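Colleague: Okay, so here is coords.pdb, and as you'll see once you scroll down, it has PDB, C-alpha atoms, pLDDT in the B column.
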ATOM      1  CA  MET A  72      52.561   8.038 140.607  1.00 51.00           C
ATOM      2  CA  PRO A  73      55.046   8.481 137.711  1.00 55.00           C
ATOM      3  CA  LYS A  74      57.263  11.556 138.027  1.00 55.00           C
ATOM      4  CA  ASP A  75      56.005  13.021 134.751  1.00 60.00           C
ATOM      5  CA  GLU A  76      52.320  12.712 135.677  1.00 68.00           C
ATOM      6  CA  ALA A  77      50.546  15.823 136.929  1.00 76.00           C
ATOM      7  CA  PHE A  78      49.463  16.132 140.541  1.00 84.00           C
ATOM      8  CA  PRO A  79      46.663  16.439 141.134  1.00 89.00           C
ATOM      9  CA  LEU A  80      45.471  14.697 137.995  1.00 92.00           C
ATOM     10  CA  PRO A  81      43.503  16.692 135.404  1.00 94.00           C
ATOM     11  CA  TYR A  82      39.882  17.032 136.570  1.00 95.00           C
ATOM     12  CA  GLU A  83      40.856  15.635 139.983  1.00 95.00           C
ATOM     13  CA  PHE A  84      39.558  17.488 143.025  1.00 95.00           C
ATOM     14  CA  TYR A  85      42.162  17.557 145.777  1.00 94.00           C
ATOM     15  CA  PRO A  86      40.929  19.406 148.905  1.00 93.00           C
ATOM     16  CA  ASP A  87      43.183  21.903 150.621  1.00 90.00           C
ATOM     17  CA  GLU A  88      41.949  20.519 153.937  1.00 90.00           C
ATOM     18  CA  TRP A  89      41.001  16.847 154.353  1.00 92.00           C
ATOM     19  CA  PHE A  90      39.686  17.203 157.895  1.00 91.00           C
ATOM     20  CA  SER A  91      37.025  19.852 157.259  1.00 90.00           C
ATOM     21  CA  PRO A  92      33.952  19.695 155.009  1.00 91.00           C
ATOM     22  CA  VAL A  93      34.575  21.074 151.545  1.00 94.00           C
ATOM     23  CA  ARG A  94      32.351  23.737 150.024  1.00 93.00           C
ATOM     24  CA  ARG A  95      30.197  23.190 146.980  1.00 93.00           C
ATOM     25  CA  GLU A  96      31.903  26.064 145.152  1.00 94.00           C
ATOM     26  CA  ASP A  97      35.286  24.433 145.700  1.00 93.00           C
ATOM     27  CA  LEU A  98      34.175  21.656 143.366  1.00 94.00           C
ATOM     28  CA  PHE A  99      31.926  23.426 140.885  1.00 95.00           C
ATOM     29  CA  ALA A 100      31.775  27.166 140.260  1.00 92.00           C
ATOM     30  CA  ASN A 101      28.304  27.056 138.693  1.00 94.00           C
ATOM     31  CA  SER A 102      24.910  26.331 140.265  1.00 94.00           C
ATOM     32  CA  ALA A 103      24.014  23.349 138.063  1.00 97.00           C
ATOM     33  CA  PRO A 104      22.688  20.239 139.859  1.00 97.00           C
ATOM     34  CA  ILE A 105      25.297  17.755 141.038  1.00 98.00           C
ATOM     35  CA  GLU A 106      25.219  13.978 140.658  1.00 98.00           C
ATOM     36  CA  MET A 107      27.634  11.628 142.417  1.00 98.00           C
ATOM     37  CA  ASP A 108      28.969   8.220 141.413  1.00 97.00           C
ATOM     38  CA  LEU A 109      30.171   6.452 144.555  1.00 96.00           C
ATOM     39  CA  GLY A 110      32.836   3.840 143.865  1.00 93.00           C
ATOM     40  CA  CYS A 111      32.965   4.809 140.193  1.00 93.00           C
ATOM     41  CA  GLY A 112      35.379   2.094 139.056  1.00 89.00           C
ATOM     42  CA  ASP A 113      37.042   2.980 135.767  1.00 90.00           C
ATOM     43  CA  GLY A 114      34.610   5.855 135.196  1.00 93.00           C
ATOM     44  CA  SER A 115      32.829   4.408 132.168  1.00 93.00           C
ATOM     45  CA  PHE A 116      29.376   5.141 133.616  1.00 95.00           C
ATOM     46  CA  VAL A 117      30.035   8.625 134.963  1.00 97.00           C
ATOM     47  CA  ALA A 118      31.904   9.751 131.848  1.00 97.00           C
ATOM     48  CA  ARG A 119      28.985   8.767 129.627  1.00 96.00           C
ATOM     49  CA  MET A 120      26.566  10.497 131.966  1.00 98.00           C
ATOM     50  CA  ALA A 121      28.656  13.672 131.954  1.00 98.00           C
ATOM     51  CA  GLU A 122      28.796  13.607 128.160  1.00 97.00           C
ATOM     52  CA  HIS A 123      25.034  13.029 127.834  1.00 98.00           C
ATOM     53  CA  PHE A 124      24.070  15.675 130.410  1.00 98.00           C
ATOM     54  CA  PRO A 125      26.426  18.654 129.914  1.00 98.00           C
ATOM     55  CA  GLU A 126      23.991  20.819 131.890  1.00 97.00           C
ATOM     56  CA  ARG A 127      24.701  18.806 135.060  1.00 98.00           C
ATOM     57  CA  ASN A 128      27.811  18.444 137.210  1.00 98.00           C
ATOM     58  CA  PHE A 129      29.223  15.021 138.119  1.00 98.00           C
ATOM     59  CA  LEU A 130      31.504  14.006 140.972  1.00 98.00           C
ATOM     60  CA  ALA A 131      33.131  10.571 140.806  1.00 97.00           C
ATOM     61  CA  VAL A 132      34.412   9.140 144.083  1.00 97.00           C
ATOM     62  CA  GLU A 133      36.946   6.328 143.978  1.00 96.00           C
ATOM     63  CA  ARG A 134      39.539   5.036 146.443  1.00 94.00           C
ATOM     64  CA  LEU A 135      41.982   3.304 144.079  1.00 94.00           C
ATOM     65  CA  LEU A 136      44.545   5.479 142.315  1.00 94.00           C
ATOM     66  CA  GLY A 137      44.633   3.394 139.134  1.00 93.00           C
ATOM     67  CA  ARG A 138      40.905   3.879 138.664  1.00 94.00           C
ATOM     68  CA  VAL A 139      41.138   7.598 139.441  1.00 95.00           C
ATOM     69  CA  ARG A 140      43.689   7.880 136.633  1.00 95.00           C
ATOM     70  CA  LYS A 141      41.295   6.167 134.230  1.00 95.00           C
ATOM     71  CA  VAL A 142      38.510   8.583 135.126  1.00 96.00           C
ATOM     72  CA  SER A 143      40.882  11.504 134.660  1.00 96.00           C
ATOM     73  CA  ARG A 144      41.908  10.257 131.210  1.00 96.00           C
ATOM     74  CA  LYS A 145      38.287   9.835 130.153  1.00 96.00           C
ATOM     75  CA  ALA A 146      37.500  13.371 131.291  1.00 97.00           C
ATOM     76  CA  VAL A 147      40.481  14.749 129.358  1.00 96.00           C
ATOM     77  CA  GLN A 148      39.684  12.796 126.199  1.00 96.00           C
ATOM     78  CA  GLY A 149      36.024  13.816 126.295  1.00 96.00           C
ATOM     79  CA  GLN A 150      36.761  17.397 127.414  1.00 97.00           C
ATOM     80  CA  LEU A 151      34.229  16.864 130.192  1.00 98.00           C
ATOM     81  CA  SER A 152      34.453  20.134 132.084  1.00 96.00           C
ATOM     82  CA  ASN A 153      31.421  19.096 134.172  1.00 98.00           C
ATOM     83  CA  LEU A 154      33.215  16.073 135.677  1.00 98.00           C
ATOM     84  CA  ARG A 155      35.467  15.923 138.741  1.00 97.00           C
ATOM     85  CA  VAL A 156      37.019  12.908 140.421  1.00 97.00           C
ATOM     86  CA  LEU A 157      37.783  12.660 144.137  1.00 97.00           C
ATOM     87  CA  ARG A 158      40.185  10.014 145.412  1.00 96.00           C
ATOM     88  CA  ALA A 159      38.681   9.084 148.766  1.00 95.00           C
ATOM     89  CA  ASP A 160      37.020   6.276 150.653  1.00 94.00           C
ATOM     90  CA  SER A 161      33.286   6.488 149.988  1.00 93.00           C
ATOM     91  CA  ASN A 162      32.379   6.281 153.678  1.00 92.00           C
ATOM     92  CA  TYR A 163      34.678   9.162 154.560  1.00 94.00           C
ATOM     93  CA  ALA A 164      33.516  11.279 151.615  1.00 95.00           C
ATOM     94  CA  VAL A 165      29.837  10.769 152.402  1.00 94.00           C
ATOM     95  CA  GLU A 166      29.947  10.956 156.185  1.00 91.00           C
ATOM     96  CA  TRP A 167      32.554  13.697 156.729  1.00 92.00           C
ATOM     97  CA  LEU A 168      33.979  15.458 153.688  1.00 95.00           C
ATOM     98  CA  LEU A 169      31.076  16.552 151.477  1.00 95.00           C
ATOM     99  CA  PRO A 170      28.526  19.169 152.591  1.00 93.00           C
ATOM    100  CA  ARG A 171      24.852  18.642 153.405  1.00 92.00           C
ATOM    101  CA  GLY A 172      22.381  18.903 150.547  1.00 94.00           C
ATOM    102  CA  PHE A 173      25.229  18.565 148.068  1.00 93.00           C
ATOM    103  CA  ALA A 174      23.843  16.126 145.503  1.00 97.00           C
ATOM    104  CA  GLN A 175      20.644  15.934 143.533  1.00 97.00           C
ATOM    105  CA  ARG A 176      21.373  12.306 142.716  1.00 98.00           C
ATOM    106  CA  ILE A 177      23.694   9.657 144.130  1.00 98.00           C
ATOM    107  CA  HIS A 178      24.541   6.580 142.051  1.00 97.00           C
ATOM    108  CA  PHE A 179      25.758   3.562 144.023  1.00 95.00           C
ATOM    109  CA  LEU A 180      26.283   0.858 141.425  1.00 93.00           C
ATOM    110  CA  CYS A 181      27.588  -2.664 141.927  1.00 85.00           C
ATOM    111  CA  PRO A 182      29.397  -2.129 145.252  1.00 84.00           C
ATOM    112  CA  ASP A 183      31.296  -4.964 146.865  1.00 78.00           C
ATOM    113  CA  PRO A 184      28.568  -7.371 148.088  1.00 74.00           C
ATOM    114  CA  TRP A 185      30.781  -8.892 150.802  1.00 64.00           C
ATOM    115  CA  PRO A 186      29.337 -12.367 150.159  1.00 70.00           C
ATOM    116  CA  LYS A 187      30.968 -14.110 153.134  1.00 74.00           C
ATOM    117  CA  LYS A 188      28.743 -14.245 156.197  1.00 70.00           C
ATOM    118  CA  LYS A 189      31.485 -12.928 158.470  1.00 72.00           C
ATOM    119  CA  HIS A 190      31.799  -9.816 156.263  1.00 66.00           C
ATOM    120  CA  ALA A 191      28.067  -9.094 155.888  1.00 69.00           C
ATOM    121  CA  SER A 192      28.250  -6.201 158.355  1.00 76.00           C
ATOM    122  CA  ARG A 193      30.311  -4.271 155.786  1.00 79.00           C
ATOM    123  CA  ARG A 194      27.445  -4.017 153.289  1.00 84.00           C
ATOM    124  CA  GLN A 195      27.005  -0.266 153.129  1.00 88.00           C
ATOM    125  CA  MET A 196      23.377  -0.205 151.973  1.00 86.00           C
ATOM    126  CA  CYS A 197      22.496  -2.132 155.139  1.00 87.00           C
ATOM    127  CA  GLN A 198      24.316   0.247 157.498  1.00 87.00           C
ATOM    128  CA  PRO A 199      22.179   2.803 159.378  1.00 83.00           C
ATOM    129  CA  GLU A 200      25.003   5.334 159.642  1.00 86.00           C
ATOM    130  CA  PHE A 201      25.760   5.164 155.927  1.00 91.00           C
ATOM    131  CA  LEU A 202      22.104   5.557 154.918  1.00 92.00           C
ATOM    132  CA  ALA A 203      21.702   8.492 157.296  1.00 91.00           C
ATOM    133  CA  ALA A 204      24.780  10.136 155.775  1.00 93.00           C
ATOM    134  CA  LEU A 205      23.385   9.678 152.258  1.00 95.00           C
ATOM    135  CA  HIS A 206      20.143  11.301 153.393  1.00 94.00           C
ATOM    136  CA  ARG A 207      22.056  14.308 154.719  1.00 94.00           C
ATOM    137  CA  LEU A 208      24.079  14.551 151.532  1.00 95.00           C
ATOM    138  CA  LEU A 209      21.057  14.640 149.217  1.00 97.00           C
ATOM    139  CA  ALA A 210      19.269  17.845 148.288  1.00 96.00           C
ATOM    140  CA  PRO A 211      15.496  18.066 148.965  1.00 95.00           C
ATOM    141  CA  SER A 212      13.665  15.459 146.829  1.00 95.00           C
ATOM    142  CA  GLY A 213      17.049  14.087 145.766  1.00 97.00           C
ATOM    143  CA  GLU A 214      17.411  10.475 144.642  1.00 98.00           C
ATOM    144  CA  LEU A 215      19.594   7.498 145.512  1.00 97.00           C
ATOM    145  CA  LEU A 216      19.970   4.847 142.797  1.00 97.00           C
ATOM    146  CA  PHE A 217      21.396   1.504 143.908  1.00 95.00           C
ATOM    147  CA  MET A 218      22.138  -1.497 141.712  1.00 92.00           C
ATOM    148  CA  THR A 219      23.634  -4.912 142.436  1.00 90.00           C
ATOM    149  CA  ASP A 220      23.704  -8.389 140.960  1.00 86.00           C
ATOM    150  CA  ALA A 221      24.004  -9.901 144.470  1.00 86.00           C
ATOM    151  CA  GLU A 222      20.485 -10.990 145.411  1.00 89.00           C
ATOM    152  CA  PRO A 223      21.207 -11.596 149.136  1.00 87.00           C
ATOM    153  CA  TYR A 224      22.654  -8.085 149.415  1.00 88.00           C
ATOM    154  CA  PHE A 225      19.644  -6.612 147.616  1.00 91.00           C
ATOM    155  CA  ASP A 226      17.150  -8.521 149.762  1.00 90.00           C
ATOM    156  CA  GLU A 227      18.871  -7.418 152.948  1.00 89.00           C
ATOM    157  CA  SER A 228      18.862  -3.807 151.734  1.00 91.00           C
ATOM    158  CA  ILE A 229      15.121  -3.982 151.072  1.00 91.00           C
ATOM    159  CA  SER A 230      14.528  -5.444 154.523  1.00 88.00           C
ATOM    160  CA  VAL A 231      16.478  -2.623 156.188  1.00 89.00           C
ATOM    161  CA  LEU A 232      14.819   0.089 154.119  1.00 87.00           C
ATOM    162  CA  GLU A 233      11.309  -1.157 154.933  1.00 84.00           C
ATOM    163  CA  ASN A 234      11.792   0.362 158.396  1.00 81.00           C
ATOM    164  CA  CYS A 235      13.702   3.422 157.227  1.00 81.00           C
ATOM    165  CA  LEU A 236      12.094   6.844 157.592  1.00 86.00           C
ATOM    166  CA  TYR A 237      14.580   8.572 155.329  1.00 90.00           C
ATOM    167  CA  PHE A 238      13.588   7.314 151.872  1.00 94.00           C
ATOM    168  CA  THR A 239      10.560   6.552 149.713  1.00 93.00           C
ATOM    169  CA  ARG A 240      10.894   3.891 147.043  1.00 93.00           C
ATOM    170  CA  LEU A 241      10.180   4.923 143.446  1.00 95.00           C
ATOM    171  CA  PRO A 242       9.596   2.685 140.414  1.00 95.00           C
ATOM    172  CA  TRP A 243      12.612   2.022 138.211  1.00 94.00           C
ATOM    173  CA  ALA A 244      12.423  -0.177 135.141  1.00 88.00           C
ATOM    174  CA  GLU A 245      15.142  -0.457 132.525  1.00 84.00           C
ATOM    175  CA  GLY A 246      14.576   2.155 129.846  1.00 87.00           C
ATOM    176  CA  ASP A 247      12.734   4.606 132.088  1.00 92.00           C
ATOM    177  CA  PHE A 248      15.500   7.149 131.467  1.00 94.00           C
ATOM    178  CA  PHE A 249      18.992   7.328 130.031  1.00 95.00           C
ATOM    179  CA  TYR A 250      21.226   5.144 132.177  1.00 95.00           C
ATOM    180  CA  PRO A 251      24.388   3.712 130.589  1.00 93.00           C
ATOM    181  CA  LYS A 252      25.608   0.319 131.714  1.00 86.00           C
ATOM    182  CA  THR A 253      28.854   0.030 133.629  1.00 79.00           C
ATOM    183  CA  ASP A 254      31.548  -2.305 132.300  1.00 76.00           C
ATOM    184  CA  PHE A 255      30.898  -4.622 135.262  1.00 76.00           C
ATOM    185  CA  GLU A 256      27.172  -4.685 134.516  1.00 79.00           C
ATOM    186  CA  GLU A 257      27.727  -5.581 130.865  1.00 80.00           C
ATOM    187  CA  GLN A 258      30.053  -8.431 131.877  1.00 81.00           C
ATOM    188  CA  TRP A 259      27.543  -9.803 134.391  1.00 77.00           C
ATOM    189  CA  LEU A 260      24.601  -9.540 132.020  1.00 79.00           C
ATOM    190  CA  ALA A 261      26.626 -11.398 129.391  1.00 84.00           C
ATOM    191  CA  GLN A 262      26.952 -14.228 131.925  1.00 83.00           C
ATOM    192  CA  GLY A 263      23.183 -14.401 132.338  1.00 77.00           C
ATOM    193  CA  ARG A 264      23.070 -12.647 135.684  1.00 78.00           C
ATOM    194  CA  THR A 265      20.241 -10.372 136.784  1.00 80.00           C
ATOM    195  CA  MET A 266      20.688  -6.817 137.979  1.00 86.00           C
ATOM    196  CA  HIS A 267      18.558  -5.682 140.913  1.00 91.00           C
ATOM    197  CA  ARG A 268      17.583  -2.006 140.962  1.00 93.00           C
ATOM    198  CA  LEU A 269      16.481   0.288 143.744  1.00 94.00           C
ATOM    199  CA  ARG A 270      15.467   3.923 143.270  1.00 96.00           C
ATOM    200  CA  LEU A 271      14.887   5.911 146.433  1.00 96.00           C
ATOM    201  CA  GLN A 272      13.768   9.493 146.949  1.00 96.00           C
ATOM    202  CA  ARG A 273      14.860  11.538 149.936  1.00 96.00           C
ATOM    203  CA  ARG A 274      12.012  11.938 152.397  1.00 93.00           C
ATOM    204  CA  GLU A 275      11.794  15.092 154.475  1.00 88.00           C
ATOM    205  CA  VAL A 276      11.964  14.507 158.224  1.00 78.00           C
ATOM    206  CA  THR A 277      11.430  16.811 161.168  1.00 69.00           C
ATOM    207  CA  GLY A 278      14.226  17.334 163.637  1.00 59.00           C
ATOM    208  CA  GLU A 279      17.369  15.284 164.103  1.00 57.00           C
ATOM    209  CA  LEU A 280      16.442  11.607 163.913  1.00 52.00           C
ATOM    210  CA  PRO A 281      18.617   8.669 164.915  1.00 50.00           C
ATOM    211  CA  PRO A 282      19.988   6.960 161.825  1.00 46.00           C
ATOM    212  CA  LEU A 283      17.090   4.584 161.119  1.00 43.00           C
ATOM    213  CA  TYR A 284      14.108   2.597 162.156  1.00 40.00           C
ATOM    214  CA  ASP A 285      10.626   3.088 163.402  1.00 40.00           C
ATOM    215  CA  ILE A 286      10.361   6.419 165.189  1.00 33.00           C
ATOM    216  CA  LYS A 287       6.937   8.056 165.066  1.00 35.00           C
ATOM    217  CA  PRO A 288       6.777  11.809 164.265  1.00 31.00           C
ATOM    218  CA  GLN A 289       5.199  12.572 167.658  1.00 31.00           C
ATOM    219  CA  GLU A 290       8.277  11.115 169.358  1.00 32.00           C
ATOM    220  CA  ILE A 291      10.654  13.623 167.739  1.00 24.00           C
TER
END
Please lay out the structure from this file as structure tokens.

Modeller:
Amino acid sequence: MPKDEAFPLPYEFYPDEWFSPVRREDLFANSAPIEMDLGCGDGSFVARMAEHFPERNFLAVERLLGRVRKVSRKAVQGQLSNLRVLRADSNYAVEWLLPRGFAQRIHFLCPDPWPKKKHASRRQMCQPEFLAALHRLLAPSGELLFMTDAEPYFDESISVLENCLYFTRLPWAEGDFFYPKTDFEEQWLAQGRTMHRLRLQRREVTGELPPLYDIKPQEI
């Protein structure tokens, strides 16, 4: 980071303790609902959401410093006091750092599809532990919105979620509600690609379930 650049960056959330869960009030002092953008890229989507919905709070999570800087600049330029950016790996943030019931909505848009067969196990939306962590992170009736242009990744996600007790699928057609396009999405659509959408609502479960799969309520 350049010597003359502030640390942490403006609108960046930098925890005092990285090995303990943070508190909601450490991020946002008010009680407004929180939405998360996991792997936010350059922040174009989350900044437009924060501008459009000033009554909501937004947390952008991104691992790469250059992208975190871009989000910070967008927040400064737009005076988006309802936006924070966290530089962290998405798996660590979701599974360990952020508190239960934290988010009303989680946006997981155009993640790395890991197209090579040998890397398929890294597809997060197909990982039981990751899906269980997202369930814990969502508030009651909270939503997970997933989008990808990679059809094999999408199909595998659907196959995994068919046996998942944690989420109920909701309809989601383009234009149902305000949802700005990411820069990546606009580039892909311009190339004639199709975006695949998945909108899931958190399902209430009884007791502590294993991460996924077909467990009947009487077996809990």

Colleague: So which residues touch Arg274 (chain A) within 10 Å, counting only C-alpha atoms, skipping near sequence neighbours fewer than 3 positions away, as a list in words?

Modeller: His206, Leu209, Pro211, Ser212, Gly213, Glu214, Cys235, Leu236, Tyr237, Phe238, Thr239, Arg240 and Leu271 of chain A

Colleague: Residues picked by the PyMOL selection byres ((chain A and resi 250-264) around 9) here, as a compact mmCIF listing (two decimals) with C-alpha atoms, in the coordinates of the input?

Modeller:
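For reference, expr.txt as written:
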# COMPACT_ATOMS: atom_id res chain seq x y z
CA GLY A 112 35.38 2.09 139.06
CA ASP A 113 37.04 2.98 135.77
CA GLY A 114 34.61 5.86 135.20
CA SER A 115 32.83 4.41 132.17
CA PHE A 116 29.38 5.14 133.62
CA VAL A 117 30.04 8.62 134.96
CA ARG A 119 28.98 8.77 129.63
CA MET A 120 26.57 10.50 131.97
CA LEU A 180 26.28 0.86 141.43
CA CYS A 181 27.59 -2.66 141.93
CA THR A 219 23.63 -4.91 142.44
CA ASP A 220 23.70 -8.39 140.96
CA GLU A 245 15.14 -0.46 132.52
CA GLY A 246 14.58 2.15 129.85
CA ASP A 247 12.73 4.61 132.09
CA PHE A 248 15.50 7.15 131.47
CA PHE A 249 18.99 7.33 130.03
CA THR A 265 20.24 -10.37 136.78
CA MET A 266 20.69 -6.82 137.98

Colleague: Could you tell me which residues the PyMOL selection byres ((chain A and resi 109) around 10) grabs in this file, written as a list in words?

Modeller: Glu106, Met107, Asp108, Gly110, Cys111, Gly112, Val117, Leu130, Ala131, Val132, Glu133, Arg134, Leu157, Ala159, Asp160, Ser161, Asn162, Ala164, Val165, Ile177, His178, Phe179, Leu180, Cys181 and Pro182 of chain A

Colleague: Can you report as AutoDock Vina command-line options the centre and edge lengths in Å, to one decimal, of an axis-aligned box around the listed atoms of region 156-160 of chain A padded with 8 Å on each side?

Modeller:
--center_x 38.6 --center_y 9.6 --center_z 145.5 --size_x 19.2 --size_y 22.6 --size_z 26.2

Colleague: Record the distance separating CA of Gln175 (chain A) and CA of Val231 (chain A), expressed in Å with one decimal.

Modeller: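 Answer for the CA of Gln175 (chain A) to CA of Val231 (chain A) separation: 22.8 Å.
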
Colleague: Please provide the set of residues having any atom within 12 Å of Asp87 (chain A), restricted to only C-alpha atoms, with same-chain residues fewer than 5 positions apart removed, written as a list of chain:residue names.

Modeller: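 Final neighbour list, sorted by chain and number: A:Pro79, A:Pro92, A:Val93, A:Arg94, A:Asp97, A:Leu98, A:Leu168.
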
Colleague: Give me the residues within 10 Å of Gly149 (chain A) as number ranges by chain, counting all atoms listed in the file and dropping any in the same chain fewer than 6 places off.

Modeller: A: 118-119, 121-122, 143

Colleague: With C-alpha atoms retained, could you export that selection as a PDB file, keeping the file's coordinate frame?

Modeller:
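Listing of selection-v1.pdb after writing:
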ATOM      1  CA  ALA A 118      31.904   9.751 131.848  1.00 97.00           C
ATOM      2  CA  ARG A 119      28.985   8.767 129.627  1.00 96.00           C
ATOM      3  CA  ALA A 121      28.656  13.672 131.954  1.00 98.00           C
ATOM      4  CA  GLU A 122      28.796  13.607 128.160  1.00 97.00           C
ATOM      5  CA  SER A 143      40.882  11.504 134.660  1.00 96.00           C
TER       6      SER A 143
END

Colleague: Quick check on the file I pasted: which residues fall under the PyMOL selection byres ((chain A and resi 191-203) around 8)? Write them as JSON, numbers by chain.

Modeller: {"A": [162, 165, 166, 183, 184, 185, 186, 187, 188, 189, 190, 204, 205, 206, 207, 224, 227, 228, 231, 237, 282, 283]}

Colleague: Report, in Å to a single decimal, how far apart CA of Leu269 (chain A) and CA of Pro242 (chain A) are.

Modeller: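 So the answer is 8.0 Å.
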
Colleague: With all atoms listed in the file as the basis for distance, which of A:Arg155, A:Lys145, A:Arg273, A:Arg95 is at the shortest distance from Arg176 (chain A)?

Modeller: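 Under the stated criterion, the closest residue is A:Arg273.
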
Colleague: For each of A:Gln272, A:Ser91, A:Asn153, A:Asn234, take the minimum atom-to-atom distance to His123 (chain A), counting all atoms listed in the file, then give the residue where this is smallest.

Modeller: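 Of A:Gln272, A:Ser91, A:Asn153, A:Asn234, the one nearest His123 (chain A) is A:Asn153, counting all atoms listed in the file.
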
Colleague: Distance CA of Pro86 (chain A)-CA of Leu216 (chain A), one decimal place?

Modeller: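 Separation between CA of Pro86 (chain A) and CA of Leu216 (chain A): 26.2 Å.
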
Colleague: With distances taken over only C-alpha atoms, which residue among A:Ala244, A:Leu232, A:Leu208, A:Leu80 lies nearest Gly137 (chain A)?

Modeller: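 Among A:Ala244, A:Leu232, A:Leu208, A:Leu80, it is A:Leu80 that comes nearest to Gly137 (chain A).
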
Colleague: With only C-alpha atoms as the atoms that count, which of A:Val156, A:Ala174, A:Ala221, A:Leu135 lies nearest to Phe84 (chain A)?

Modeller: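 Of A:Val156, A:Ala174, A:Ala221, A:Leu135, the one nearest Phe84 (chain A), counting only C-alpha atoms, is A:Val156.
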